[in-house]
Structures are given as structure tokens and as C-alpha cells.
$ cat run25.csv   # CSV, C-alpha atoms
chain,number,residue,atom,x,y,z
A,27,MET,CA,-57.2,57.4,-115.6
A,28,SER,CA,-55.8,56.8,-112.2
A,29,GLY,CA,-53.3,54.0,-112.9
A,30,SER,CA,-54.8,51.8,-110.3
A,31,ILE,CA,-55.0,48.1,-110.9
A,32,GLY,CA,-57.9,46.0,-109.5
A,33,THR,CA,-55.7,43.7,-107.5
A,34,ASN,CA,-53.9,46.6,-105.8
A,35,SER,CA,-56.2,46.8,-102.8
A,36,GLY,CA,-54.6,48.9,-100.1
A,37,ARG,CA,-51.9,50.4,-102.3
A,38,ALA,CA,-51.6,53.9,-103.7
A,39,SER,CA,-52.7,54.8,-107.2
A,40,GLY,CA,-50.2,53.7,-109.9
A,41,SER,CA,-48.5,51.2,-107.5
A,42,ILE,CA,-47.7,47.7,-108.9
A,43,GLY,CA,-46.1,45.2,-106.6
A,44,ALA,CA,-43.0,45.5,-104.4
A,45,ALA,CA,-40.0,47.6,-105.3
A,46,ALA,CA,-37.2,45.7,-107.0
A,47,SER,CA,-34.0,45.1,-105.1
A,48,GLY,CA,-30.7,46.3,-106.4
A,49,PRO,CA,-27.8,44.3,-107.8
A,50,THR,CA,-25.6,41.9,-105.8
A,51,VAL,CA,-22.3,43.7,-105.2
A,52,SER,CA,-19.2,41.5,-104.8
A,53,SER,CA,-15.5,41.8,-105.4
A,54,SER,CA,-15.6,38.8,-107.8
A,55,ASP,CA,-17.6,37.8,-110.9
A,56,PRO,CA,-20.5,35.4,-110.6
A,57,ALA,CA,-19.7,31.7,-111.4
A,58,VAL,CA,-21.9,29.2,-113.3
A,59,ASP,CA,-22.9,27.7,-110.0
A,60,THR,CA,-23.9,31.1,-108.6
A,61,ASN,CA,-27.6,30.2,-108.6
A,62,ALA,CA,-30.0,33.0,-109.1
A,63,THR,CA,-33.3,33.9,-110.7
A,64,LEU,CA,-33.5,35.0,-114.3
A,65,GLY,CA,-32.7,38.8,-114.5
A,66,THR,CA,-30.7,38.9,-111.3
A,67,GLN,CA,-28.0,41.7,-111.5
A,68,TRP,CA,-24.4,41.3,-110.3
A,69,ALA,CA,-21.9,44.1,-110.0
A,70,ASN,CA,-18.2,43.4,-109.5
A,71,SER,CA,-16.9,46.2,-107.2
A,72,THR,CA,-13.3,45.5,-108.1
A,73,SER,CA,-13.4,45.5,-111.9
A,74,GLY,CA,-16.6,47.6,-112.4
A,75,GLU,CA,-18.1,44.8,-114.7
A,76,PHE,CA,-21.9,44.3,-114.6
A,77,TYR,CA,-23.6,41.0,-115.2
A,78,VAL,CA,-27.2,39.8,-115.7
A,79,CYS,CA,-28.3,36.2,-115.2
A,80,THR,CA,-29.7,35.3,-118.7
A,81,ASP,CA,-30.1,31.5,-118.0
A,82,ALA,CA,-31.1,30.4,-114.5
A,83,THR,CA,-30.3,26.6,-114.8
A,84,THR,CA,-29.2,25.2,-111.5
A,85,ASP,CA,-25.4,25.0,-111.3
A,86,GLU,CA,-25.2,25.9,-115.1
A,87,ASN,CA,-26.2,29.6,-114.9
A,88,VAL,CA,-25.3,32.0,-117.7
A,89,TRP,CA,-24.1,35.4,-116.5
A,90,THR,CA,-24.0,37.9,-119.4
A,91,ASN,CA,-21.6,40.9,-119.1
A,92,VAL,CA,-23.6,43.9,-120.1
A,93,ASP,CA,-20.8,46.4,-119.4
A,94,ALA,CA,-19.6,48.4,-122.4
$ encode --input "run25.csv" --output "C-alpha cells"
Amino acid sequence: MSGSIGTNSGRASGSIGAAASGPTVSSSDPAVDTNATLGTQWANSTSGEFYVCTDATTDENVWTNVDA
């Protein structure tokens, strides 16, 4: 099995779509009106806290702190 997918024309074996981008890095926490797509990652470079957008409702976003 090669790992190729039928719609992957022109890509190497095992390749699926574009590479994901890294987290947004900022010296502050995201706010409820920091609009993003579901699953967007946010790293606070000052506190070390790490958040993921778990509800992407315009101007009512929920950012969940996933830092231990």
C-alpha cells in the first residue's frame, strides 16, 4: 500500500493536503472577539499559557486553556 490518495495528483505518496501552520504567538491572551477558525492555536509568550479555539462564533469565541 503506497498511502496515495486518488485526489492527490502531483503530490508525493502519503501526502494529504498542505502543511498546518503553527500557533499564533502573542504577549497576551486571546479575547472573545479574537475571531479565528475552530482549532486555531494561540500561545501567550509572556505567561506560557496555550489556548485552542473551541467555539468559533464571531465576536463570542471560546478559547480553552490547554496548558497543564
$ closest_residue --input "run25.csv" --among "A:Ser52, A:Ser47, A:Ala57, A:Leu64" --to "Asp81 of chain A" --atoms "only C-alpha atoms"
A:Leu64
$ closest_residue --input "run25.csv" --among "A:Thr63, A:Asp55, A:Thr50, A:Asn70" --to "Ala82 of chain A" --atoms "only C-alpha atoms"
A:Thr63
$ residues_around --input "run25.csv" --residues "Thr60 of chain A" --least-positions-apart "4" --cutoff "8 Å" --atoms "only C-alpha atoms" --output "ChimeraX atom specification"
/A:56,85,87
$ residues_around --input "run25.csv" --residues "Ser71 of chain A" --least-positions-apart "5" --cutoff "8 Å" --atoms "all atoms listed in the file" --output "JSON, numbers by chain"
{"A": [51, 52, 53, 54]}
$ atom_distance --input "run25.csv" --atom1 "atom CA of Asn91 of chain A" --atom2 "atom CA of Asp59 of chain A"
16.1 Å
$ atom_distance --input "run25.csv" --atom1 "atom CA of Tyr77 of chain A" --atom2 "atom CA of Trp89 of chain A"
5.8 Å
$ atom_distance --input "run25.csv" --atom1 "atom CA of Val58 of chain A" --atom2 "atom CA of Val78 of chain A"
12.1 Å
